[in-house]
Every structure is written in structure tokens, then in C-alpha cells.
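**Q** Below is coords_21.cif; it holds mmCIF, C-alpha atoms.
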```
data_run
loop_
_atom_site.label_atom_id
_atom_site.label_comp_id
_atom_site.auth_asym_id
_atom_site.auth_seq_id
_atom_site.Cartn_x
_atom_site.Cartn_y
_atom_site.Cartn_z
CA MET A 9 3.06 -10.37 -22.03
CA ASN A 10 4.20 -7.33 -23.95
CA ASP A 11 7.04 -4.90 -23.33
CA ALA A 12 4.70 -2.14 -22.15
CA VAL A 13 3.47 -4.38 -19.33
CA ARG A 14 7.03 -5.32 -18.36
CA GLN A 15 8.01 -1.65 -18.34
CA ALA A 16 4.99 -0.81 -16.20
CA LEU A 17 5.97 -3.52 -13.72
CA ASP A 18 9.58 -2.28 -13.60
CA ALA A 19 8.40 1.30 -13.07
CA SER A 20 6.09 0.24 -10.23
CA ILE A 21 8.83 -1.72 -8.47
CA GLU A 22 11.28 1.16 -8.79
CA ASN A 23 8.77 3.77 -7.68
CA VAL A 24 7.58 1.85 -4.61
CA LEU A 25 11.11 1.01 -3.45
CA ALA A 26 12.37 4.56 -3.89
CA THR A 27 9.33 6.39 -2.49
CA MET A 28 8.39 4.27 0.52
CA PHE A 29 11.57 2.36 1.34
CA PHE A 30 14.25 4.83 0.21
CA ALA A 31 15.92 1.96 -1.65
CA ASP A 32 17.45 1.76 -5.10
CA ALA A 33 17.33 -1.45 -7.05
CA VAL A 34 19.27 -2.38 -10.15
CA PRO A 35 18.75 -5.38 -12.42
CA ALA A 36 20.47 -8.43 -10.95
CA ASP A 37 23.72 -9.39 -12.58
CA GLY A 38 23.01 -12.95 -13.68
CA GLU A 39 20.67 -15.49 -12.10
CA LEU A 40 19.55 -14.45 -8.64
CA GLU A 41 19.88 -17.08 -5.93
CA LEU A 42 17.89 -16.38 -2.79
CA PRO A 43 18.47 -18.44 0.34
CA PRO A 44 15.78 -20.94 1.35
CA GLY A 45 13.21 -19.39 3.64
CA SER A 46 13.54 -15.90 2.17
CA PRO A 47 10.49 -13.77 3.06
CA ALA A 48 7.84 -13.94 0.37
CA ALA A 49 4.38 -12.55 -0.29
CA ARG A 50 1.64 -12.78 -2.90
CA VAL A 51 -1.27 -10.57 -3.91
CA GLU A 52 -4.15 -11.77 -6.09
CA PHE A 53 -6.13 -9.28 -8.16
CA TYR A 54 -9.45 -9.74 -9.90
CA GLY A 55 -11.12 -7.82 -12.68
CA HIS A 56 -9.74 -7.01 -16.07
CA PRO A 57 -6.93 -7.88 -15.83
CA SER A 58 -6.86 -10.65 -13.22
CA GLY A 59 -3.76 -12.33 -11.95
CA SER A 60 -1.30 -12.36 -9.13
CA LEU A 61 1.93 -10.73 -8.15
CA ALA A 62 4.40 -12.50 -5.90
CA LEU A 63 7.81 -11.64 -4.60
CA ARG A 64 10.71 -13.07 -2.62
CA ILE A 65 13.43 -11.02 -1.01
CA ALA A 66 16.73 -11.91 0.61
CA PRO A 67 16.48 -11.82 4.44
CA ASP A 68 19.07 -9.05 4.79
CA ALA A 69 17.34 -6.95 2.15
CA ALA A 70 14.00 -7.49 3.87
CA ARG A 71 15.50 -6.27 7.13
CA GLU A 72 17.03 -3.26 5.30
CA ILE A 73 13.72 -2.10 3.81
CA THR A 74 11.82 -2.74 7.05
CA ALA A 75 14.22 -0.52 8.98
CA ALA A 76 13.99 2.21 6.33
CA PHE A 77 10.20 2.03 6.24
CA LEU A 78 9.77 2.25 9.99
CA GLY A 79 12.67 4.60 10.70
CA ILE A 80 14.38 2.16 13.06
CA GLU A 81 17.74 0.42 13.24
CA GLU A 82 17.99 -2.84 11.32
CA THR A 83 18.74 -4.69 14.56
CA GLU A 84 15.46 -3.42 16.02
CA ALA A 85 13.26 -4.87 13.27
CA SER A 86 11.26 -7.86 14.52
CA GLU A 87 10.42 -10.87 12.36
CA GLU A 88 6.76 -9.86 12.53
CA GLN A 89 7.57 -6.35 11.26
CA ILE A 90 9.73 -7.78 8.48
CA GLY A 91 6.98 -10.16 7.35
CA GLU A 92 4.38 -7.42 7.38
CA THR A 93 6.64 -5.01 5.53
CA VAL A 94 7.29 -7.58 2.79
CA ARG A 95 3.53 -8.12 2.43
CA GLU A 96 3.05 -4.35 2.22
CA LEU A 97 5.79 -4.14 -0.42
CA ALA A 98 3.93 -6.71 -2.53
CA ASN A 99 0.64 -4.90 -1.95
CA MET A 100 2.01 -1.54 -3.09
CA ILE A 101 3.85 -2.88 -6.13
CA CYS A 102 0.73 -4.77 -7.20
CA GLY A 103 -1.62 -1.83 -6.65
CA SER A 104 0.69 0.59 -8.39
CA PHE A 105 1.17 -1.77 -11.35
CA VAL A 106 -2.51 -2.63 -11.77
CA SER A 107 -3.50 1.03 -11.58
CA SER A 108 -0.95 1.90 -14.23
CA VAL A 109 -2.16 -0.68 -16.77
CA GLU A 110 -5.91 -0.34 -16.22
CA SER A 111 -7.57 2.68 -14.71
CA GLN A 112 -11.15 2.74 -15.94
CA THR A 113 -12.59 -0.38 -14.32
CA LEU A 114 -12.72 -1.53 -10.72
CA ILE A 115 -10.11 -4.15 -9.86
CA GLN A 116 -10.25 -5.99 -6.55
CA LEU A 117 -6.95 -6.57 -4.76
CA ASP A 118 -6.89 -9.28 -2.11
CA ALA A 119 -4.98 -8.80 1.09
CA PRO A 120 -1.35 -9.89 0.63
CA THR A 121 -0.49 -13.31 1.98
CA ILE A 122 2.70 -15.11 2.86
CA HIS A 123 3.63 -17.75 0.35
CA ALA A 124 6.37 -20.30 0.16
CA GLU A 125 6.64 -21.13 -3.49
CA PRO A 126 10.19 -22.03 -4.43
CA ALA A 127 10.07 -20.54 -7.91
CA PRO A 128 7.81 -18.63 -10.26
CA PRO A 129 5.51 -20.71 -12.44
CA GLY A 130 6.24 -21.09 -16.13
CA GLY A 131 4.94 -18.19 -18.18
CA ALA A 132 5.20 -15.65 -15.40
CA CYS A 133 6.95 -12.34 -15.99
CA LEU A 134 9.98 -12.50 -13.71
CA ARG A 135 12.05 -9.49 -12.65
CA GLN A 136 15.23 -10.00 -10.62
CA LEU A 137 16.77 -7.05 -8.87
CA GLN A 138 19.61 -6.27 -6.53
CA LEU A 139 19.25 -4.01 -3.50
CA ASP A 140 22.14 -2.95 -1.25
CA SER A 141 21.67 -5.90 1.10
CA GLY A 142 20.47 -8.62 -1.24
CA GLY A 143 18.25 -9.72 -4.04
CA LEU A 144 14.58 -9.23 -4.82
CA GLU A 145 12.58 -11.19 -7.33
CA VAL A 146 9.09 -10.26 -8.44
CA TRP A 147 6.89 -12.27 -10.71
CA LEU A 148 3.60 -11.51 -12.32
CA GLU A 149 1.04 -13.98 -13.62
CA TRP A 150 -1.93 -13.15 -15.82
CA LYS A 151 -5.18 -15.02 -15.73
CA GLY A 152 -7.23 -14.45 -18.81
CA GLY A 153 -4.58 -13.74 -21.37
CA GLU A 154 -2.96 -10.61 -22.67
CA ILE A 155 -4.20 -7.10 -22.08
CA MET B 36 -7.10 3.01 9.48
CA ASP B 37 -5.15 0.26 7.78
CA ASP B 38 -4.96 -3.47 8.36
CA SER B 39 -1.17 -3.27 8.16
CA ALA B 40 0.40 -2.29 11.48
CA VAL B 41 3.62 -1.27 9.74
CA MET B 42 1.70 1.02 7.37
CA ARG B 43 -0.08 2.62 10.33
CA ALA B 44 3.31 3.13 11.98
CA PHE B 45 4.69 4.66 8.77
CA ILE B 46 1.79 7.08 8.47
CA ARG B 47 2.06 8.01 12.15
CA ARG B 48 5.76 8.76 11.62
CA VAL B 49 4.99 10.86 8.55
CA LEU B 50 2.44 12.85 10.55
CA GLU B 51 4.91 13.39 13.39
CA MET B 52 7.60 14.54 10.97
CA SER B 53 5.25 16.74 8.95
CA GLY B 54 4.93 19.48 11.53
CA LEU B 55 1.18 19.03 11.67
CA GLU B 56 -0.12 19.33 15.20
CA THR B 57 -1.42 15.89 16.05
CA SER B 58 -2.38 15.84 19.70
CA LEU B 59 -4.04 12.45 19.43
CA CYS B 60 -3.65 9.83 16.74
CA LEU B 61 -6.03 6.88 16.99
CA GLU B 62 -5.64 3.67 15.02
CA ALA B 63 -7.92 0.97 13.68
CA ALA B 64 -7.21 -2.17 11.68
CA HIS B 65 -10.46 -2.17 9.70
CA GLY B 66 -13.69 -0.25 9.18
CA GLY B 67 -15.52 -1.89 12.08
CA GLU B 68 -12.82 -0.90 14.54
CA ALA B 69 -12.79 2.60 13.10
CA LEU B 70 -16.53 2.99 13.62
CA GLN B 71 -16.11 1.90 17.26
CA VAL B 72 -13.34 4.48 17.71
CA LEU B 73 -15.44 7.19 16.07
CA ASP B 74 -18.33 6.32 18.38
CA LYS B 75 -16.19 7.31 21.36
CA HIS B 76 -13.91 10.03 20.01
CA TRP B 77 -14.31 13.13 17.92
CA VAL B 78 -11.53 13.43 15.35
CA ASP B 79 -10.56 16.09 12.82
CA VAL B 80 -9.84 13.75 9.93
CA VAL B 81 -9.87 10.04 9.07
CA LEU B 82 -7.14 8.48 6.91
CA SER B 83 -8.54 5.25 5.51
CA ASP B 84 -7.29 2.36 3.44
CA ILE B 85 -9.84 0.54 1.25
CA ASN B 86 -8.96 -3.15 1.09
CA MET B 87 -9.13 -4.52 4.62
CA PRO B 88 -10.50 -7.70 6.18
CA VAL B 89 -13.66 -7.64 8.35
CA MET B 90 -14.89 -4.29 7.00
CA SER B 91 -13.49 -2.45 4.01
CA GLY B 92 -12.99 1.28 3.79
CA GLU B 93 -15.74 1.37 1.21
CA GLU B 94 -18.26 -0.23 3.59
CA MET B 95 -17.17 2.09 6.40
CA MET B 96 -17.83 5.08 4.13
CA ARG B 97 -21.32 3.78 3.35
CA ARG B 98 -22.09 3.43 7.07
CA LEU B 99 -20.70 6.86 7.88
CA HIS B 100 -22.79 8.25 5.06
CA ALA B 101 -25.92 6.55 6.41
CA SER B 102 -25.29 8.06 9.84
CA SER B 103 -24.79 11.52 8.27
CA LEU B 104 -21.47 11.71 10.14
CA LEU B 105 -19.68 12.23 6.84
CA GLU B 106 -21.11 15.73 6.54
CA SER B 107 -18.84 16.88 9.34
CA LEU B 108 -16.07 14.29 9.26
CA PRO B 109 -13.55 14.50 6.42
CA VAL B 110 -12.18 11.17 5.18
CA ILE B 111 -9.01 10.92 3.12
CA VAL B 112 -8.47 7.60 1.36
CA VAL B 113 -4.89 6.31 1.45
CA SER B 114 -4.73 3.29 -0.81
CA THR B 115 -2.67 1.29 -3.27
CA ASP B 116 -5.80 1.04 -5.40
CA SER B 117 -5.51 4.18 -7.49
CA THR B 118 -7.49 3.31 -10.57
CA GLU B 119 -9.61 6.22 -11.73
CA ALA B 120 -12.66 4.02 -11.30
CA ARG B 121 -11.88 3.39 -7.61
CA MET B 122 -11.01 7.02 -6.91
CA ARG B 123 -14.27 8.16 -8.52
CA GLN B 124 -16.22 5.60 -6.50
CA MET B 125 -14.71 6.69 -3.18
CA ILE B 126 -15.19 10.40 -3.91
CA GLU B 127 -18.83 9.68 -4.80
CA LEU B 128 -19.16 7.89 -1.45
CA GLY B 129 -18.03 11.06 0.28
CA ALA B 130 -14.24 10.92 0.53
CA ARG B 131 -12.80 14.44 0.56
CA GLY B 132 -9.29 13.44 -0.48
CA TYR B 133 -7.24 10.63 -2.00
CA VAL B 134 -3.59 9.75 -1.54
CA LYS B 135 -2.14 7.00 -3.70
CA LYS B 136 0.36 4.58 -2.21
CA PRO B 137 3.27 4.87 -2.73
CA PHE B 138 3.37 8.49 -1.65
CA HIS B 139 5.98 11.01 -0.61
CA PRO B 140 5.49 12.25 2.96
CA GLU B 141 4.83 15.78 1.72
CA GLU B 142 1.97 14.51 -0.46
CA LEU B 143 0.12 13.19 2.56
CA ARG B 144 0.71 16.39 4.48
CA ALA B 145 -0.43 18.53 1.53
CA GLU B 146 -3.64 16.53 1.14
CA ILE B 147 -4.44 16.78 4.85
CA GLU B 148 -3.84 20.52 4.75
CA ARG B 149 -5.99 20.90 1.65
CA VAL B 150 -8.87 18.94 3.14
CA LEU B 151 -8.70 20.65 6.53
CA GLY B 152 -8.11 24.05 4.99
CA VAL B 153 -5.03 24.72 7.07
CA LYS B 154 -1.51 25.60 6.06
CA HIS B 155 1.42 24.79 8.33
CA GLU B 156 4.58 26.76 7.70
#
```
Starting from the file, lay out its structure as C-alpha cells.
**A**
Amino acid sequence: MNDAVRQALDASIENVLATMFFADAVPADGELELPPGSPAARVEFYGHPSGSLALRIAPDAAREITAAFLGIEETEASEEQIGETVRELANMICGSFVSSVESQTLIQLDAPTIHAEPAPPGGACLRQLQLDSGGLEVWLEWKGGEI
Amino acid sequence: MDDSAVMRAFIRRVLEMSGLETSLCLEAAHGGEALQVLDKHWVDVVLSDINMPVMSGEEMMRRLHASSLLESLPVIVVSTDSTEARMRQMIELGARGYVKKPFHPEELRAEIERVLGVKHE
């Protein structure tokens, strides 16, 4: 995976967080350790390129972005709203990224799903970030080689 | 129309904050639900996602087109899928506008105003 793809992924993450969730993220200082059971979501995409984008986010950070997205207090955010917001975060990062690397062909994005994978698979492009309330890790897997 | 309840809530909040006069805002989780709503209610504009379970926004557009309802009903696509190929496809199907997620609230308002031909000060 080349630097241009990594930069496109970073730009998509930053843009989605800032525009829709009013959140700033900076690269994590060292290895990010998320607590077990942190909300997670995955989106598969098919076409050229094909692959998947998955993310995990610290529970407090998930609550923070849910509250910002819905314009409510963090204490008001339900678990259902938090889960759905995390899936929407994955959906928007994936769509934004895919559209930025390939624009001329149709690419099918599946609906985001909850996933419970403990760690990214080998070979995935992993980005680890820090929000105000906790960490966020995003990983991207290609199927079908480089673009 | 969006299968994500939190996205529908976000868009509703953006509309409320935009100053646009929205006397009634109806929601649907997919194209099939939207067609049922449109069967019972006249609306000024439809904001539609594309990728949804049960019936996609693309299929809903085809059905609206077949019923000739699209001639008088403006549809604005609001989607994460913003490849030029997808945008071209949806415009060819009859969409009057396109807003890419993520979007700033003012972008959605501006596109609605452009499509409806109104300007709110």
C-alpha cells in the first residue's frame, strides 16, 4: 500500500471527524490500547478497488462523538445510538476514502456491520489516533492487490 | 431517507438549524418505506441515501421514474458514495442534487435551496 493511499485514508478520517463530529484527532503517541469491548464497525467495498475498512474506538470517545453528532449531552446518548454512530463513522470514512482513490467506476459499499475482531489482520494499513476522550484505530485491507 | 436513524436525526437537526421552513419532516429507513410515505403524502423534496437494505435509493429512483412522479418531485441524494461514476448514474436516473457525506450543514441547506429555487436569508 503506497503513501498516497495512506494519505488519502488519513485525510478521510480527519475530514469526517471534523465535519460531522466536530472532533479533532491527532496521531496516537505510541501503541494505542483500547479496552476490551470497545465499539467497532466494518464496511466491505467491492469493485476496483475491493476491500474493507474497520475501526475500533474507545467507549468514552464513542460517547463523545455520538453526543456531538446528535447535539445531545454525553449522558443522554444510548448504547444503541452509540453503536449506530460508530457504524456511520465507519461508513463515512470508507465512502470518503474510496471516492478519493477511485472516482470513475462504480464501487459498491455494503452496509456497515458491528465486528468484534481483537486486532487488525497482518498486512492491513493501520492508523491509530487520539481524540479528546480516547483512542480510535482504523484499518484498511485491500483485496486484489495494489491500486 | 436513510437506514441510519442517527443520520436521519442529524439531517433533521441540520434542517431545523438551517432556517428553512420545514413544517413536516417525514422519515423512511429504505426506498420501500419512502415509496409508501410518498403514496400518502405530498412533499416538496426528498433527501435520499443510496446504499440501504430492502430497497436502495437507486431502485427507488427507478420506481419513481417509472411512475413519472420524478417530473414533479425533486430528489437530492445524500450519500457517502461520491464517486463521479455514482453521481453521474444518480443524476441520469433523475436526481436533481447531490450532497456528499461528510457535509457541512450549510452545504445541505445550499443544495436544497438551489434545487427548490428558494433563498432563505
**Q** Please enumerate the residues selected by the PyMOL selection byres ((chain B) within 10 of (chain A)) when evaluated against the supplied file, formatted as JSON, numbers by chain.
**A** {"B": [38, 39, 40, 41, 42, 43, 44, 45, 46, 47, 48, 49, 85, 86, 87, 88, 114, 115, 116, 117, 118, 119, 120, 121, 122, 123, 124, 135, 136, 137, 138, 139, 140]}
**Q** Which of these, B:Glu62, B:Glu127, B:Glu56, B:Glu106, has the shortest distance to B:Leu82 once you count all atoms listed in the file?
**A** B:Glu62
**Q** Could you jot down the atom CA of B:Gly67 to atom CA of A:Tyr54 separation for me, Å, one decimal place?
**A**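 Spanning atom CA of B:Gly67 to atom CA of A:Tyr54 is a straight-line distance of 24.1 Å.
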**Q** Please report the interatomic distance between atom CA of B:Asp84 and atom CA of A:Trp147 in Å with one decimal.
**A**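 Separation of atom CA of B:Asp84 and atom CA of A:Trp147: 24.8 Å.
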**Q** Considering all atoms listed in the file, return as a VMD selection string whatever protein or nucleic-acid residues lie within 9 Å of A:Ala62, sequence-local ones (same chain, fewer than 2 positions apart) excluded.
**A** chain A and resid 48 to 52 60 64 98 102 123 128 145 to 149
**Q** Name the residues within 6 Å of (-9.1, 3.6, 18.3), counting only C-alpha atoms in the file's coordinates, and put them as a list in words.
**A**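 Residues close enough to count: Leu61, Glu62, Ala63 and Val72 of chain B.
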**Q** Distance atom CA of B:Val78-atom CA of B:Leu151, one decimal place?
**A**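 Pair atom CA of B:Val78 / atom CA of B:Leu151 returns 11.7 Å.
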**Q** Name the residues in contact with B:Val134 at a cut-off of 8 Å, using all atoms listed in the file, excluding same-chain residues fewer than 2 positions from it; report them as a PyMOL selection string.
**A** chain B and resi 111-114+132+136+138+142-143+146
**Q** Pick out the residues sitting within 9 Å of stretch 94-102 of chain B, and hand them over as a PDB file with C-alpha atoms, in the frame of the given file; count all atoms listed in the file, and ignore anything fewer than 6 positions along from it in its own chain.
**A**
```
ATOM      1  CA  HIS B  65     -10.460  -2.170   9.700  1.00  0.00           C
ATOM      2  CA  GLY B  66     -13.690  -0.250   9.180  1.00  0.00           C
ATOM      3  CA  GLY B  67     -15.520  -1.890  12.080  1.00  0.00           C
ATOM      4  CA  ALA B  69     -12.790   2.600  13.100  1.00  0.00           C
ATOM      5  CA  LEU B  70     -16.530   2.990  13.620  1.00  0.00           C
ATOM      6  CA  ILE B  85      -9.840   0.540   1.250  1.00  0.00           C
ATOM      7  CA  LEU B 108     -16.070  14.290   9.260  1.00  0.00           C
ATOM      8  CA  VAL B 110     -12.180  11.170   5.180  1.00  0.00           C
ATOM      9  CA  MET B 125     -14.710   6.690  -3.180  1.00  0.00           C
ATOM     10  CA  LEU B 128     -19.160   7.890  -1.450  1.00  0.00           C
ATOM     11  CA  GLY B 129     -18.030  11.060   0.280  1.00  0.00           C
ATOM     12  CA  ALA B 130     -14.240  10.920   0.530  1.00  0.00           C
TER      13      ALA B 130
END
```
**Q** Contacts of A:Gly38 at 12 Å or less, counting only C-alpha atoms, minus same-chain residues fewer than 5 places along, as a CSV table (one decimal) with C-alpha atoms, in the frame of the given file?
**A**
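Written file, around20.csv:
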```csv
chain,number,residue,atom,x,y,z
A,135,ARG,CA,12.0,-9.5,-12.6
A,136,GLN,CA,15.2,-10.0,-10.6
A,137,LEU,CA,16.8,-7.0,-8.9
A,138,GLN,CA,19.6,-6.3,-6.5
A,143,GLY,CA,18.2,-9.7,-4.0
```
**Q** Give as a PyMOL selection string the residues that the PyMOL selection byres ((chain A and resi 139) around 12) matches when applied to the coordinates above.
**A** chain A and resi 21-22+25-26+29-37+40+65-73+136-138+140-145
